[in-house]
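Enquirer: Starting off with a structure, shown below.
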Amino acid sequence: MNLDNADFPHLVEVGTHRKPLAQGHMLKAFQDNIRLPDGTAATREYLVHPGAVMVIPLLDDGGVLLERQYRYPMGRVMVEFPAGKLDAGEHSLLCAQRELLEETGYTAREWAYAGTIHPVISYSTEHIDVWFARQLLPGASRLDAGEFLEVFSSTFDELMLACQSGAVTDAKTLTGAFWWQNVLSGRWVLNWAGCDLSGHVAPPGPRVPSIGPV
């Protein structure tokens with residue numbers, strides 16, 4: 001499916017002026033004046049995000065590792081796959097390996113890049129690279145200061161039921177469950193590569209959030 005902007009000029013919005021609204025520790029907020037496809041003017045407000053990774057850690061018994069973590073904006077404990085934001089200039093795979101180790105204590109002998117998702121396309125540039133990890137080796141977690149979470153294992157059926165019942169509502173984790181389902185069924189094939197646990201697998205290059213021209 002081709003989605004090149006050049007093939008859909010009747011849908012493209014063009015930025016004409018950008019105004020910064022706020023800058024936090026991780027996020028930047030902007031308001032852009034834009035020209036709509038019919039030539040009229042409008043505004044768009046959005047967040048620029050550094051990007052992130054999510055890891056689907058496959059256990060030898062056929063299950064996966066998940067986490068419980070309190071998410072303040074939601075005001076509740078959420079169930080998620082391990083994930084975290086990219087540091088400036090950090091390769092996606094190295095970030096995935098770092099987050100898996102820090103949050104769960106596990107390392108993995110094999111990794112496979114599955115793809116990229118954009119969880120909030122209406123108001124954020126955020127992208128999340130999805131990685132699968134297998135041949136896991138347990139160890140001690142290295143949580144950041146102020147980070148509190150629980151790691152637990154789940155079978156495929158348990159996770160699917162949690163998604164169906166609404167116990168899991170995190171968008172990236174729902175997407176990860178969908179990805180895992182297709183991998184298990186054989187419909188989607190992953191290209192696995194071994195590594196020495198210090199990141200020596202050719203990862204995709206770091207992605208820079210892209211915002212419209214002004």
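Here, A, B, ... name the chains of the structure tokens in the order displayed, residue numbers run from 1 inside each chain, and ligands are numbered from 1 in the same displayed order.
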For Leu190 in chain A, find every residue with an atom within 9 Å (counting only C-alpha atoms), except residues of its own chain fewer than 4 positions away, and show them as an MDAnalysis selection string.

Expert: chainID A and resid 112:114 132 183

Enquirer: Those same residues, written as a PDB file, in the first residue's frame with C-alpha atoms?

Expert:
```
ATOM      1  CA  ALA A 112      14.142  -9.382  15.652  1.00  0.00           C
ATOM      2  CA  TYR A 113      12.909  -5.980  14.503  1.00  0.00           C
ATOM      3  CA  ALA A 114       9.193  -6.253  13.768  1.00  0.00           C
ATOM      4  CA  PHE A 132      10.977  -9.303  19.701  1.00  0.00           C
ATOM      5  CA  VAL A 183       3.917 -14.462  14.540  1.00  0.00           C
TER       6      VAL A 183
END
```

Enquirer: Could you check the closest approach to Ser124 in chain A for each of A:Gly51, A:Gly186, A:Gly194, A:Gly62 and tell me which residue wins, using only C-alpha atoms?

Expert: A:Gly51

Enquirer: Wanna dump the range 30-84 of chain A-range 165-172 of chain A contacts at 9 Å for me, each residue with its shortest atom pair and the distance in Å to one decimal, counting only C-alpha atoms, ordered by chain and number, as JSON lines?

Expert:
```
{"residue": "A:Met54", "atom": "CA", "partner": "A:Lys172", "partner_atom": "CA", "distance": 7.7}
{"residue": "A:Met78", "atom": "CA", "partner": "A:Val168", "partner_atom": "CA", "distance": 7.1}
{"residue": "A:Val79", "atom": "CA", "partner": "A:Val168", "partner_atom": "CA", "distance": 5.9}
{"residue": "A:Glu80", "atom": "CA", "partner": "A:Asp170", "partner_atom": "CA", "distance": 6.6}
{"residue": "A:Phe81", "atom": "CA", "partner": "A:Lys172", "partner_atom": "CA", "distance": 8.0}
```

Enquirer: Please list as a PyMOL selection string every residue within 12 Å of range 143-160 of chain A, counting only C-alpha atoms and excluding residues in the same chain fewer than 3 positions away.

Expert: chain A and resi 56-72+77-84+98-106+138+140+163-169+173-185

Enquirer: For Glu110 in chain A, which residue among A:Ala96, A:Ala193, A:Phe8, A:Glu90 is the nearest when counting only C-alpha atoms?

Expert: A:Ala193
